[in-house]
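Asker: I am sharing target37.cif, which consists of mmCIF, C-alpha atoms and all ligand atoms:
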```cif
data_final
#
loop_
_atom_site.group_PDB
_atom_site.id
_atom_site.type_symbol
_atom_site.label_atom_id
_atom_site.label_comp_id
_atom_site.auth_asym_id
_atom_site.auth_seq_id
_atom_site.Cartn_x
_atom_site.Cartn_y
_atom_site.Cartn_z
ATOM 1 C CA MET A 1 -50.385 -4.570 5.101
ATOM 2 C CA VAL A 2 -52.229 -2.091 7.306
ATOM 3 C CA ILE A 3 -50.225 -1.088 10.347
ATOM 4 C CA LEU A 4 -51.012 0.692 13.564
ATOM 5 C CA ASP A 5 -54.437 1.758 14.570
ATOM 6 C CA TYR A 6 -55.176 5.456 14.389
ATOM 7 C CA LYS A 7 -58.324 7.490 14.751
ATOM 8 C CA TYR A 8 -57.518 9.903 11.948
ATOM 9 C CA LEU A 9 -54.958 8.083 9.818
ATOM 10 C CA GLU A 10 -54.752 4.997 7.676
ATOM 11 C CA LEU A 11 -51.279 3.655 7.161
ATOM 12 C CA ASP A 12 -50.547 1.009 4.606
ATOM 13 C CA LYS A 13 -47.084 -0.364 3.927
ATOM 14 C CA GLU A 14 -46.025 -2.451 0.954
ATOM 15 C CA GLY A 15 -42.273 -3.132 1.108
ATOM 16 C CA LYS A 16 -40.378 0.033 0.256
ATOM 17 C CA LEU A 17 -43.542 2.098 -0.152
ATOM 18 C CA ALA A 18 -46.013 3.346 2.441
ATOM 19 C CA ILE A 19 -49.276 5.189 1.904
ATOM 20 C CA LEU A 20 -50.555 7.431 4.662
ATOM 21 C CA LYS A 21 -54.133 8.592 4.315
ATOM 22 C CA ILE A 22 -55.433 11.466 6.391
ATOM 23 C CA ASN A 23 -58.823 10.196 7.363
ATOM 24 C CA ARG A 24 -61.200 12.792 8.674
ATOM 25 C CA PRO A 25 -63.407 13.294 5.609
ATOM 26 C CA GLU A 26 -66.369 14.663 7.581
ATOM 27 C CA ALA A 27 -64.271 17.814 8.239
ATOM 28 C CA LEU A 28 -62.490 17.705 4.868
ATOM 29 C CA ASN A 29 -59.463 16.235 6.700
ATOM 30 C CA ALA A 30 -58.877 19.459 8.651
ATOM 31 C CA LEU A 31 -55.896 19.212 10.969
ATOM 32 C CA ASN A 32 -56.764 19.265 14.652
ATOM 33 C CA LYS A 33 -54.274 18.724 17.469
ATOM 34 C CA GLU A 34 -55.073 15.042 17.873
ATOM 35 C CA LEU A 35 -54.631 14.417 14.154
ATOM 36 C CA LEU A 36 -51.335 16.296 14.110
ATOM 37 C CA LYS A 37 -50.103 14.257 17.081
ATOM 38 C CA GLU A 38 -51.037 11.032 15.299
ATOM 39 C CA LEU A 39 -49.266 12.277 12.207
ATOM 40 C CA ARG A 40 -46.144 13.013 14.237
ATOM 41 C CA GLU A 41 -46.252 9.538 15.795
ATOM 42 C CA ALA A 42 -46.743 7.845 12.411
ATOM 43 C CA LEU A 43 -43.901 9.808 10.823
ATOM 44 C CA GLU A 44 -41.549 9.000 13.695
ATOM 45 C CA PHE A 45 -42.504 5.345 13.369
ATOM 46 C CA LEU A 46 -41.892 5.333 9.602
ATOM 47 C CA GLU A 47 -38.590 7.166 9.947
ATOM 48 C CA GLU A 48 -37.204 4.160 11.873
ATOM 49 C CA ASP A 49 -38.147 1.783 9.062
ATOM 50 C CA ASN A 50 -34.933 1.238 7.150
ATOM 51 C CA GLU A 51 -36.604 -0.679 4.340
ATOM 52 C CA LEU A 52 -39.009 2.159 3.511
ATOM 53 C CA MET A 53 -37.954 4.553 0.753
ATOM 54 C CA VAL A 54 -41.055 6.445 -0.324
ATOM 55 C CA LEU A 55 -44.102 7.679 1.542
ATOM 56 C CA ILE A 56 -47.238 8.887 -0.242
ATOM 57 C CA ILE A 57 -49.522 11.180 1.734
ATOM 58 C CA THR A 58 -53.103 11.645 0.566
ATOM 59 C CA GLY A 59 -56.514 12.547 1.930
ATOM 60 C CA ALA A 60 -59.603 10.401 2.468
ATOM 61 C CA GLY A 61 -62.832 11.137 0.622
ATOM 62 C CA GLU A 62 -63.656 12.754 -2.673
ATOM 63 C CA LYS A 63 -63.251 16.406 -1.844
ATOM 64 C CA ALA A 64 -60.139 17.250 0.088
ATOM 65 C CA PHE A 65 -56.502 16.510 0.628
ATOM 66 C CA VAL A 66 -56.573 18.708 3.736
ATOM 67 C CA ALA A 67 -58.813 21.814 4.013
ATOM 68 C CA GLY A 68 -56.479 23.444 6.526
ATOM 69 C CA ALA A 69 -56.005 23.598 10.242
ATOM 70 C CA ASP A 70 -59.208 22.982 12.181
ATOM 71 C CA ILE A 71 -60.870 26.389 12.349
ATOM 72 C CA GLY A 72 -63.264 25.295 15.113
ATOM 73 C CA GLU A 73 -60.368 24.263 17.314
ATOM 74 C CA MET A 74 -58.290 27.335 16.486
ATOM 75 C CA LYS A 75 -61.061 29.879 17.039
ATOM 76 C CA GLY A 76 -60.844 29.989 20.842
ATOM 77 C CA MET A 77 -57.094 29.594 21.238
ATOM 78 C CA SER A 78 -55.098 31.931 23.463
ATOM 79 C CA PRO A 79 -51.864 33.306 21.975
ATOM 80 C CA LEU A 80 -49.925 30.730 24.001
ATOM 81 C CA GLU A 81 -52.107 27.878 22.776
ATOM 82 C CA ALA A 82 -51.756 29.191 19.217
ATOM 83 C CA ARG A 83 -47.987 29.142 19.684
ATOM 84 C CA GLU A 84 -48.085 25.534 20.930
ATOM 85 C CA PHE A 85 -50.304 24.616 17.989
ATOM 86 C CA ALA A 86 -47.947 26.249 15.504
ATOM 87 C CA LYS A 87 -44.993 24.467 17.156
ATOM 88 C CA LEU A 88 -46.768 21.123 16.912
ATOM 89 C CA GLY A 89 -47.628 21.680 13.251
ATOM 90 C CA ASN A 90 -44.165 22.917 12.413
ATOM 91 C CA SER A 91 -42.553 19.932 14.124
ATOM 92 C CA VAL A 92 -44.699 17.584 12.034
ATOM 93 C CA PHE A 93 -43.971 19.392 8.792
ATOM 94 C CA SER A 94 -40.238 19.530 9.530
ATOM 95 C CA LEU A 95 -40.289 15.772 10.129
ATOM 96 C CA ILE A 96 -41.613 15.375 6.593
ATOM 97 C CA GLU A 97 -39.167 17.826 5.063
ATOM 98 C CA LYS A 98 -36.160 16.372 6.865
ATOM 99 C CA SER A 99 -37.300 12.764 6.571
ATOM 100 C CA ASN A 100 -34.843 10.323 5.083
ATOM 101 C CA LYS A 101 -37.781 9.037 2.996
ATOM 102 C CA VAL A 102 -39.012 10.718 -0.156
ATOM 103 C CA VAL A 103 -42.484 12.061 0.551
ATOM 104 C CA ILE A 104 -45.017 12.506 -2.270
ATOM 105 C CA ALA A 105 -48.216 14.479 -1.720
ATOM 106 C CA ALA A 106 -51.096 13.036 -3.752
ATOM 107 C CA VAL A 107 -53.410 16.042 -3.569
ATOM 108 C CA ASN A 108 -56.891 14.665 -4.172
ATOM 109 C CA GLY A 109 -58.906 17.874 -3.707
ATOM 110 C CA TYR A 110 -58.660 21.000 -1.564
ATOM 111 C CA ALA A 111 -55.204 21.796 -0.178
ATOM 112 C CA LEU A 112 -55.855 24.945 1.789
ATOM 113 C CA GLY A 113 -53.954 26.731 4.530
ATOM 114 C CA GLY A 114 -52.289 24.043 6.629
ATOM 115 C CA GLY A 115 -53.235 21.570 3.880
ATOM 116 C CA ASN A 116 -51.270 23.446 1.268
ATOM 117 C CA GLU A 117 -48.453 23.783 3.790
ATOM 118 C CA LEU A 118 -48.511 20.023 4.342
ATOM 119 C CA ALA A 119 -48.178 19.493 0.586
ATOM 120 C CA LEU A 120 -45.379 22.072 0.503
ATOM 121 C CA ALA A 121 -43.398 20.169 3.134
ATOM 122 C CA CYS A 122 -43.464 17.101 0.855
ATOM 123 C CA ASP A 123 -40.823 16.576 -1.807
ATOM 124 C CA ILE A 124 -43.084 16.185 -4.838
ATOM 125 C CA ARG A 125 -46.733 17.113 -5.380
ATOM 126 C CA LEU A 126 -49.223 15.453 -7.726
ATOM 127 C CA ALA A 127 -52.669 16.951 -8.270
ATOM 128 C CA THR A 128 -55.898 16.171 -10.098
ATOM 129 C CA GLN A 129 -58.129 18.514 -12.099
ATOM 130 C CA LYS A 130 -60.255 18.833 -8.952
ATOM 131 C CA SER A 131 -57.413 19.984 -6.698
ATOM 132 C CA ARG A 132 -57.570 23.552 -5.415
ATOM 133 C CA PHE A 133 -54.771 25.309 -3.609
ATOM 134 C CA GLY A 134 -54.636 28.392 -1.438
ATOM 135 C CA GLN A 135 -53.576 30.104 1.740
ATOM 136 C CA PRO A 136 -56.836 31.708 2.935
ATOM 137 C CA GLU A 137 -55.530 32.550 6.425
ATOM 138 C CA VAL A 138 -55.493 36.348 6.017
ATOM 139 C CA GLY A 139 -59.261 36.206 5.481
ATOM 140 C CA LEU A 140 -59.576 34.476 8.854
ATOM 141 C CA GLY A 141 -57.492 37.103 10.614
ATOM 142 C CA ILE A 142 -54.293 35.087 10.915
ATOM 143 C CA THR A 143 -51.048 34.594 9.079
ATOM 144 C CA ALA A 144 -50.050 31.228 7.681
ATOM 145 C CA GLY A 145 -48.671 29.246 10.607
ATOM 146 C CA PHE A 146 -47.173 26.039 9.306
ATOM 147 C CA GLY A 147 -44.427 27.390 7.100
ATOM 148 C CA GLY A 148 -46.468 28.742 4.179
ATOM 149 C CA THR A 149 -44.747 32.106 4.036
ATOM 150 C CA GLN A 150 -41.395 30.348 3.765
ATOM 151 C CA ARG A 151 -41.870 27.154 1.764
ATOM 152 C CA LEU A 152 -44.324 28.613 -0.745
ATOM 153 C CA THR A 153 -41.947 31.497 -1.412
ATOM 154 C CA LYS A 154 -39.052 29.119 -1.976
ATOM 155 C CA LEU A 155 -41.068 26.966 -4.336
ATOM 156 C CA VAL A 156 -42.875 29.499 -6.531
ATOM 157 C CA GLY A 157 -40.983 32.762 -5.884
ATOM 158 C CA ALA A 158 -41.865 35.783 -3.782
ATOM 159 C CA GLY A 159 -44.220 37.473 -6.245
ATOM 160 C CA ARG A 160 -46.502 34.484 -6.769
ATOM 161 C CA ALA A 161 -46.301 33.428 -3.126
ATOM 162 C CA LYS A 162 -47.300 36.899 -1.967
ATOM 163 C CA GLU A 163 -50.194 36.988 -4.406
ATOM 164 C CA LEU A 164 -51.549 33.737 -2.950
ATOM 165 C CA LEU A 165 -50.795 34.638 0.666
ATOM 166 C CA LEU A 166 -52.093 38.216 0.500
ATOM 167 C CA THR A 167 -55.263 37.653 -1.528
ATOM 168 C CA GLY A 168 -56.146 34.384 0.192
ATOM 169 C CA GLU A 169 -57.649 33.302 -3.139
ATOM 170 C CA LEU A 170 -57.687 29.739 -4.389
ATOM 171 C CA ILE A 171 -56.138 28.494 -7.609
ATOM 172 C CA GLY A 172 -56.894 25.382 -9.625
ATOM 173 C CA ALA A 173 -54.560 22.565 -10.553
ATOM 174 C CA GLU A 174 -53.530 23.936 -13.945
ATOM 175 C CA GLU A 175 -52.498 27.272 -12.465
ATOM 176 C CA ALA A 176 -50.722 25.443 -9.629
ATOM 177 C CA PHE A 177 -48.845 23.470 -12.267
ATOM 178 C CA ARG A 178 -48.050 26.601 -14.265
ATOM 179 C CA ILE A 179 -46.436 28.329 -11.291
ATOM 180 C CA GLY A 180 -44.534 25.233 -10.188
ATOM 181 C CA LEU A 181 -46.563 24.503 -7.097
ATOM 182 C CA VAL A 182 -47.352 20.996 -8.358
ATOM 183 C CA ASN A 183 -45.221 18.666 -10.450
ATOM 184 C CA LYS A 184 -47.986 17.057 -12.471
ATOM 185 C CA VAL A 185 -51.753 17.072 -12.915
ATOM 186 C CA VAL A 186 -53.321 13.660 -13.473
ATOM 187 C CA SER A 187 -56.872 12.398 -13.743
ATOM 188 C CA GLY A 188 -58.651 11.859 -10.425
ATOM 189 C CA ASP A 189 -59.097 8.100 -10.684
ATOM 190 C CA GLN A 190 -55.421 7.685 -11.568
ATOM 191 C CA LEU A 191 -53.948 9.790 -8.759
ATOM 192 C CA LEU A 192 -52.803 7.020 -6.439
ATOM 193 C CA GLU A 193 -51.706 4.886 -9.350
ATOM 194 C CA GLU A 194 -49.623 7.762 -10.727
ATOM 195 C CA ALA A 195 -48.165 8.404 -7.276
ATOM 196 C CA ARG A 196 -47.241 4.725 -7.001
ATOM 197 C CA LYS A 197 -45.615 4.764 -10.447
ATOM 198 C CA LEU A 198 -43.593 7.807 -9.456
ATOM 199 C CA ALA A 199 -42.634 6.085 -6.216
ATOM 200 C CA GLU A 200 -41.482 3.007 -8.167
ATOM 201 C CA ARG A 201 -39.279 5.205 -10.379
ATOM 202 C CA ILE A 202 -37.545 6.423 -7.226
ATOM 203 C CA ILE A 203 -37.464 3.061 -5.452
ATOM 204 C CA LYS A 204 -35.566 1.401 -8.329
ATOM 205 C CA ASN A 205 -32.595 3.626 -7.480
ATOM 206 C CA ASP A 206 -30.003 3.203 -4.765
ATOM 207 C CA PRO A 207 -31.469 3.952 -1.299
ATOM 208 C CA LEU A 208 -28.399 5.741 0.052
ATOM 209 C CA ALA A 209 -28.005 7.864 -3.078
ATOM 210 C CA VAL A 210 -31.700 8.788 -2.957
ATOM 211 C CA LYS A 211 -31.536 9.789 0.722
ATOM 212 C CA LEU A 212 -28.400 11.850 0.282
ATOM 213 C CA THR A 213 -29.769 13.572 -2.806
ATOM 214 C CA LYS A 214 -32.885 14.752 -0.968
ATOM 215 C CA SER A 215 -30.757 15.996 1.932
ATOM 216 C CA ALA A 216 -28.332 17.786 -0.387
ATOM 217 C CA VAL A 217 -31.102 19.664 -2.206
ATOM 218 C CA ASN A 218 -32.679 20.723 1.097
ATOM 219 C CA PHE A 219 -29.364 21.652 2.662
ATOM 220 C CA GLY A 220 -28.430 23.872 -0.267
ATOM 221 C CA LEU A 221 -31.831 25.582 -0.191
ATOM 222 C CA GLU A 222 -31.366 26.418 3.473
ATOM 223 C CA GLU A 223 -27.679 27.183 3.636
ATOM 224 C CA GLY A 224 -26.875 28.548 0.179
ATOM 225 C CA ILE A 225 -24.846 27.225 -2.733
ATOM 226 C CA GLU A 226 -21.384 27.130 -1.081
ATOM 227 C CA GLN A 227 -22.576 24.986 1.809
ATOM 228 C CA GLY A 228 -24.816 23.031 -0.526
ATOM 229 C CA LEU A 229 -21.922 22.141 -2.810
ATOM 230 C CA PHE A 230 -19.839 21.126 0.200
ATOM 231 C CA PHE A 231 -22.681 18.848 1.322
ATOM 232 C CA GLU A 232 -23.006 17.446 -2.198
ATOM 233 C CA THR A 233 -19.283 16.687 -2.387
ATOM 234 C CA ASN A 234 -19.388 14.800 0.894
ATOM 235 C CA SER A 235 -22.558 12.955 -0.114
ATOM 236 C CA PHE A 236 -20.894 11.896 -3.348
ATOM 237 C CA ALA A 237 -17.864 10.637 -1.417
ATOM 238 C CA LEU A 238 -20.048 8.761 1.055
ATOM 239 C CA CYS A 239 -21.716 6.859 -1.791
ATOM 240 C CA PHE A 240 -18.364 5.191 -2.459
ATOM 241 C CA SER A 241 -18.638 3.451 0.893
ATOM 242 C CA SER A 242 -21.776 1.657 -0.234
ATOM 243 C CA GLU A 243 -22.103 -1.713 -1.829
ATOM 244 C CA GLY A 244 -24.827 -0.252 -4.070
ATOM 245 C CA GLN A 245 -22.425 2.067 -5.862
ATOM 246 C CA ARG A 246 -20.025 -0.759 -6.724
ATOM 247 C CA ARG A 247 -22.733 -3.228 -7.675
ATOM 248 C CA ARG A 248 -24.665 -0.756 -9.808
ATOM 249 C CA MET A 249 -21.605 0.514 -11.666
ATOM 250 C CA GLU A 250 -20.410 -3.043 -12.248
ATOM 251 C CA ALA A 251 -23.844 -4.010 -13.574
ATOM 252 C CA PHE A 252 -23.754 -1.054 -15.981
ATOM 253 C CA LEU A 253 -20.321 -2.009 -17.296
ATOM 254 C CA GLU A 254 -21.265 -5.695 -17.584
ATOM 255 C CA LYS A 255 -24.374 -4.841 -19.576
ATOM 256 C CA ASN A 256 -22.378 -2.727 -21.987
ATOM 257 C CA LYS A 257 -19.758 -5.388 -22.647
HETATM 258 N N1 LIG A 301 -61.600 23.385 9.792
HETATM 259 C C1 LIG A 301 -62.657 22.786 10.355
HETATM 260 N N2 LIG A 301 -63.694 22.272 9.654
HETATM 261 C C2 LIG A 301 -63.648 22.388 8.325
HETATM 262 C C3 LIG A 301 -62.560 23.012 7.659
HETATM 263 C C4 LIG A 301 -61.496 23.529 8.456
HETATM 264 N N3 LIG A 301 -60.406 24.099 7.921
HETATM 265 N N4 LIG A 301 -62.814 22.972 6.340
HETATM 266 C C5 LIG A 301 -63.995 22.356 6.193
HETATM 267 N N5 LIG A 301 -64.490 21.995 7.369
HETATM 268 C C6 LIG A 301 -65.760 21.301 7.648
HETATM 269 C C7 LIG A 301 -66.949 22.240 7.468
HETATM 270 O O1 LIG A 301 -67.157 22.989 8.621
HETATM 271 C C8 LIG A 301 -68.039 21.237 7.236
HETATM 272 O O2 LIG A 301 -68.432 20.672 8.478
HETATM 273 P P1 LIG A 301 -69.989 20.381 8.817
HETATM 274 O O3 LIG A 301 -70.660 21.684 8.693
HETATM 275 O O4 LIG A 301 -70.413 19.381 7.753
HETATM 276 O O5 LIG A 301 -69.938 19.810 10.199
HETATM 277 C C9 LIG A 301 -67.374 20.139 6.431
HETATM 278 O O6 LIG A 301 -65.969 20.286 6.690
HETATM 279 C C10 LIG A 301 -67.581 20.270 4.934
HETATM 280 O O7 LIG A 301 -67.210 21.592 4.560
HETATM 281 P P2 LIG A 301 -68.161 22.566 3.721
HETATM 282 O O8 LIG A 301 -69.613 22.255 3.983
HETATM 283 O O9 LIG A 301 -67.708 23.944 3.960
HETATM 284 O O10 LIG A 301 -67.838 22.091 2.230
HETATM 285 P P3 LIG A 301 -67.925 22.961 0.900
HETATM 286 O O11 LIG A 301 -67.741 22.015 -0.209
HETATM 287 O O12 LIG A 301 -69.148 23.841 0.894
HETATM 288 O O13 LIG A 301 -66.665 23.942 0.960
HETATM 289 C C11 LIG A 301 -64.336 24.494 1.358
HETATM 290 C C12 LIG A 301 -65.357 23.405 0.910
HETATM 291 C C13 LIG A 301 -62.966 23.823 1.454
HETATM 292 C C14 LIG A 301 -64.281 25.600 0.281
HETATM 293 C C15 LIG A 301 -64.788 25.095 2.705
HETATM 294 O O14 LIG A 301 -65.024 24.015 3.601
HETATM 295 C C16 LIG A 301 -63.762 25.993 3.297
HETATM 296 O O15 LIG A 301 -63.593 27.136 2.863
HETATM 297 N N6 LIG A 301 -63.097 25.487 4.351
HETATM 298 C C17 LIG A 301 -62.130 26.280 5.101
HETATM 299 C C18 LIG A 301 -60.868 26.394 4.295
HETATM 300 C C19 LIG A 301 -59.862 27.249 5.007
HETATM 301 O O16 LIG A 301 -60.084 28.443 5.249
HETATM 302 N N7 LIG A 301 -58.754 26.638 5.323
HETATM 303 C C20 LIG A 301 -57.678 27.319 5.983
HETATM 304 C C21 LIG A 301 -57.844 27.107 7.414
HETATM 305 S S1 LIG A 301 -56.727 28.135 8.300
HETATM 306 C C22 LIG A 301 -51.161 28.775 12.824
HETATM 307 C C23 LIG A 301 -51.265 27.404 12.648
HETATM 308 C C24 LIG A 301 -51.898 26.951 11.550
HETATM 309 C C25 LIG A 301 -52.440 27.799 10.650
HETATM 310 C C26 LIG A 301 -52.312 29.139 10.829
HETATM 311 C C27 LIG A 301 -51.677 29.635 11.907
HETATM 312 N N8 LIG A 301 -50.587 29.264 13.976
HETATM 313 C C28 LIG A 301 -50.883 28.586 15.213
HETATM 314 C C29 LIG A 301 -49.877 30.515 13.949
HETATM 315 C C30 LIG A 301 -53.200 27.264 9.570
HETATM 316 C C31 LIG A 301 -54.397 27.842 9.303
HETATM 317 C C32 LIG A 301 -55.322 27.256 8.400
HETATM 318 O O17 LIG A 301 -55.118 26.225 7.796
#
```
In structure tokens, how does this file's structure come out?
Ligand code: DAK

Answerer:
Amino acid sequence: MVILDYKYLELDKEGKLAILKINRPEALNALNKELLKELREALEFLEEDNELMVLIITGAGEKAFVAGADIGEMKGMSPLEAREFAKLGNSVFSLIEKSNKVVIAAVNGYALGGGNELALACDIRLATQKSRFGQPEVGLGITAGFGGTQRLTKLVGAGRAKELLLTGELIGAEEAFRIGLVNKVVSGDQLLEEARKLAERIIKNDPLAVKLTKSAVNFGLEEGIEQGLFFETNSFALCFSSEGQRRRMEAFLEKNK
């Protein structure tokens, strides 16, 4: 079922799964302000959907997931406009990171600059042999602006993150897999299918437990292990208020009888 009418997005929802396609292939899905605002609106809309468990984000066309922030739009920005732009992008990417849905990036080509940062804000990344990753901002005279210096470092470690951020060079899917930037490399024509299969493996689990698990991992990453363990303990306790916990444990015991 296709929902909502956007200029730069296609949103398709099938029960507990939604697929959001960034649809600006003529500019390799580069993120301009209007696109980012649509993305924010779509994410806010999806966040309210209590049935939804997993969101897959991908790019339209053959070549790119997202080739970065729109360089044409950025070129003439004043420092204040650049700040507003960074705030807008960061608010969108935080919505993804903090979302109570699991978000999978199906990276179908270039994921550069803001595109790589978009993938980094997602929970799990799948790539194809054609995917290329990089943070080329330094070559354009800017720093990464949508969280790349932070999320990339957390994911692949400071040494590898700095190499990517300071050289601005691109890496292929295999190297991205090797350094832990992507979870899996699949063949191009299977990307969405693989993303769906992964989504199904998550969806079969208890919705509350899935939500709390994502939050606990993120909380610990931000606040450190002590706080993270505290959060985990409370999440675990909260699960015992849910019907799912009782039903699922009962089903396990019944099956084993
Ligand atoms: N922005 C705007 N248009 C883009 C674009 C981009 N990032 N990437 C590609 N396009 C457009 C091209 O201009 C071209 O348009 P037409 O000429 O056809 O009108 C069309 O997409 C096809 O691109 P190419 O002809 O270049 O295609 P190729 O296959 O030859 O090359 C490429 C593909 C991905 C290698 C190349 O397009 C490329 O290098 N693109 C730029 C990649 C890049 O540098 N990305 C990083 C952008 S910087 C911040 C906020 C955000 C950010 C930073 C700071 N603050 C406010 C602090 C984020 C920055 C970035 O993401």

Asker: Can you tell me which residues sit at most 7 Å away from ligand LIG 301 (chain A), counting all atoms listed in the file, written as a PyMOL selection string?

Answerer: chain A and resi 26-28+30+67-72+82-83+85-86+89+110+112-115+135-137+140+142-146

Asker: Please determine, counting all atoms listed in the file, which residue among A:Asn205, A:Ser235, A:Gln150, A:Asn29 has the shortest atom-to-atom distance to Glu62 of chain A.

Answerer: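 Between A:Asn205, A:Ser235, A:Gln150, A:Asn29, the residue approaching Glu62 of chain A most closely is A:Asn29.
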
Asker: Report the residues retrieved by the PyMOL selection byres (((chain A and resi 182-188) around 7) and not hetatm) from the displayed file, expressed as a list of chain:residue names.

Answerer: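 Against this file, the PyMOL selection byres (((chain A and resi 182-188) around 7) and not hetatm) returns the residues A:Ile124, A:Arg125, A:Leu126, A:Ala127, A:Thr128, A:Gln129, A:Ala173, A:Ala176, A:Phe177, A:Gly180, A:Leu181, A:Asp189, A:Gln190, A:Leu191.
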
Asker: So how many Å separate atom CA of Met53 of chain A and atom CA of Gln227 of chain A, to one decimal?

Answerer: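 Answer for the atom CA of Met53 of chain A to atom CA of Gln227 of chain A separation: 25.6 Å.
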
Asker: By how many Å are atom CA of Ser215 of chain A and atom CA of Lys98 of chain A apart?

Answerer: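 Going from atom CA of Ser215 of chain A over to atom CA of Lys98 of chain A, I get 7.3 Å.
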
Asker: I would like the residues chosen by the PyMOL selection byres (((chain A and resi 194-199) around 8) and not hetatm) on the shown file; could you give them as a compact mmCIF listing (two decimals) with C-alpha atoms, in the coordinates of the input?

Answerer:
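And here's result_15.txt as it stands now:
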```txt
# COMPACT_ATOMS: atom_id res chain seq x y z
CA LEU A 17 -43.54 2.10 -0.15
CA VAL A 54 -41.06 6.44 -0.32
CA ILE A 56 -47.24 8.89 -0.24
CA ILE A 104 -45.02 12.51 -2.27
CA ALA A 106 -51.10 13.04 -3.75
CA LEU A 126 -49.22 15.45 -7.73
CA VAL A 186 -53.32 13.66 -13.47
CA GLN A 190 -55.42 7.68 -11.57
CA LEU A 191 -53.95 9.79 -8.76
CA LEU A 192 -52.80 7.02 -6.44
CA GLU A 193 -51.71 4.89 -9.35
CA GLU A 200 -41.48 3.01 -8.17
CA ARG A 201 -39.28 5.20 -10.38
CA ILE A 202 -37.54 6.42 -7.23
CA ILE A 203 -37.46 3.06 -5.45
```

Asker: Take atom CA of Gly147 of chain A and atom CA of Leu229 of chain A and report the distance between them in Å, one decimal.

Answerer: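 Separating atom CA of Gly147 of chain A from atom CA of Leu229 of chain A is a distance of 25.1 Å.
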
Asker: Step by step, gather every atom of segment 13-18 of chain A that the file lists, find the box along x, y and z that holds them, add 8 Å on each side, and finally give centre and edge lengths in Å to one decimal, as lines of an AutoDock Vina configuration file.

Answerer:
```
center_x = -43.7
center_y = 0.1
center_z = 1.9
size_x = 22.7
size_y = 22.5
size_z = 20.1
```

Asker: Would you translate the PyMOL selection byres (((chain A and resi 161-172) around 7) and not hetatm) into the concrete set of residues it matches in this file, as a list in words?

Answerer: Ser131, Arg132, Phe133, Gly134, Gln135, Pro136, Glu137, Val138, Gly139, Leu152, Thr153, Val156, Gly157, Ala158, Gly159, Arg160, Ala173, Glu174, Glu175 and Ala176 of chain A

Asker: So which residues touch Leu11 of chain A within 12 Å, counting all atoms listed in the file, skipping near sequence neighbours fewer than 5 positions away, as number ranges by chain?

Answerer: A: 1-6, 17-23, 38-39, 41-43, 45-46, 55-60

Asker: Taking into account all atoms listed in the file, which residue in the set A:Leu208, A:Val103, A:Leu35, A:Leu253 is nearest to Glu73 of chain A?

Answerer: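 Among the listed residues, the smallest separation from Glu73 of chain A belongs to A:Leu35.
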
Asker: Identify which of the residues A:Lys33, A:Arg248, A:Lys7, A:Lys154 lies closest to Met74 of chain A, counting all atoms listed in the file when measuring atom-to-atom distances.

Answerer: A:Lys33

Asker: Which residue gives the smallest distance to Ser241 of chain A among A:Leu36, A:Met77, A:Leu221, A:Ala209, with all atoms listed in the file counted?

Answerer: A:Ala209

Asker: Give me, as a PyMOL selection string, all polymer residues having an atom no more than 8 Å from Arg40 of chain A, counting only C-alpha atoms and skipping those fewer than 5 positions away in the same chain.

Answerer: chain A and resi 91-92+95

Asker: Kindly reconstruct segment 137-144 of chain A with N, CA, C and O atoms and present the result as a PDB file, keeping the file's coordinate frame.

Answerer:
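Writing done, so here's result20.pdb:
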```pdb
ATOM      1  N   GLU A 137     -55.617  32.127   5.021  1.00  0.00           N
ATOM      2  CA  GLU A 137     -55.530  32.550   6.425  1.00  0.00           C
ATOM      3  C   GLU A 137     -55.827  34.028   6.650  1.00  0.00           C
ATOM      4  O   GLU A 137     -56.478  34.389   7.630  1.00  0.00           O
ATOM      5  N   VAL A 138     -55.312  34.902   5.766  1.00  0.00           N
ATOM      6  CA  VAL A 138     -55.493  36.348   6.017  1.00  0.00           C
ATOM      7  C   VAL A 138     -56.978  36.705   6.128  1.00  0.00           C
ATOM      8  O   VAL A 138     -57.351  37.613   6.880  1.00  0.00           O
ATOM      9  N   GLY A 139     -57.813  35.965   5.403  1.00  0.00           N
ATOM     10  CA  GLY A 139     -59.261  36.206   5.481  1.00  0.00           C
ATOM     11  C   GLY A 139     -59.841  35.782   6.818  1.00  0.00           C
ATOM     12  O   GLY A 139     -60.939  36.196   7.192  1.00  0.00           O
ATOM     13  N   LEU A 140     -59.118  34.945   7.541  1.00  0.00           N
ATOM     14  CA  LEU A 140     -59.576  34.476   8.854  1.00  0.00           C
ATOM     15  C   LEU A 140     -58.905  35.268   9.984  1.00  0.00           C
ATOM     16  O   LEU A 140     -59.042  34.934  11.159  1.00  0.00           O
ATOM     17  N   GLY A 141     -58.132  36.262   9.602  1.00  0.00           N
ATOM     18  CA  GLY A 141     -57.492  37.103  10.614  1.00  0.00           C
ATOM     19  C   GLY A 141     -56.202  36.545  11.174  1.00  0.00           C
ATOM     20  O   GLY A 141     -55.784  36.921  12.276  1.00  0.00           O
ATOM     21  N   ILE A 142     -55.583  35.640  10.457  1.00  0.00           N
ATOM     22  CA  ILE A 142     -54.293  35.087  10.915  1.00  0.00           C
ATOM     23  C   ILE A 142     -53.304  35.033   9.747  1.00  0.00           C
ATOM     24  O   ILE A 142     -53.696  35.140   8.590  1.00  0.00           O
ATOM     25  N   THR A 143     -52.050  34.852  10.116  1.00  0.00           N
ATOM     26  CA  THR A 143     -51.048  34.594   9.079  1.00  0.00           C
ATOM     27  C   THR A 143     -50.958  33.076   8.895  1.00  0.00           C
ATOM     28  O   THR A 143     -51.440  32.319   9.743  1.00  0.00           O
ATOM     29  N   ALA A 144     -50.341  32.656   7.820  1.00  0.00           N
ATOM     30  CA  ALA A 144     -50.050  31.228   7.681  1.00  0.00           C
ATOM     31  C   ALA A 144     -49.166  30.829   8.860  1.00  0.00           C
ATOM     32  O   ALA A 144     -48.318  31.611   9.290  1.00  0.00           O
TER      33      ALA A 144
END
```
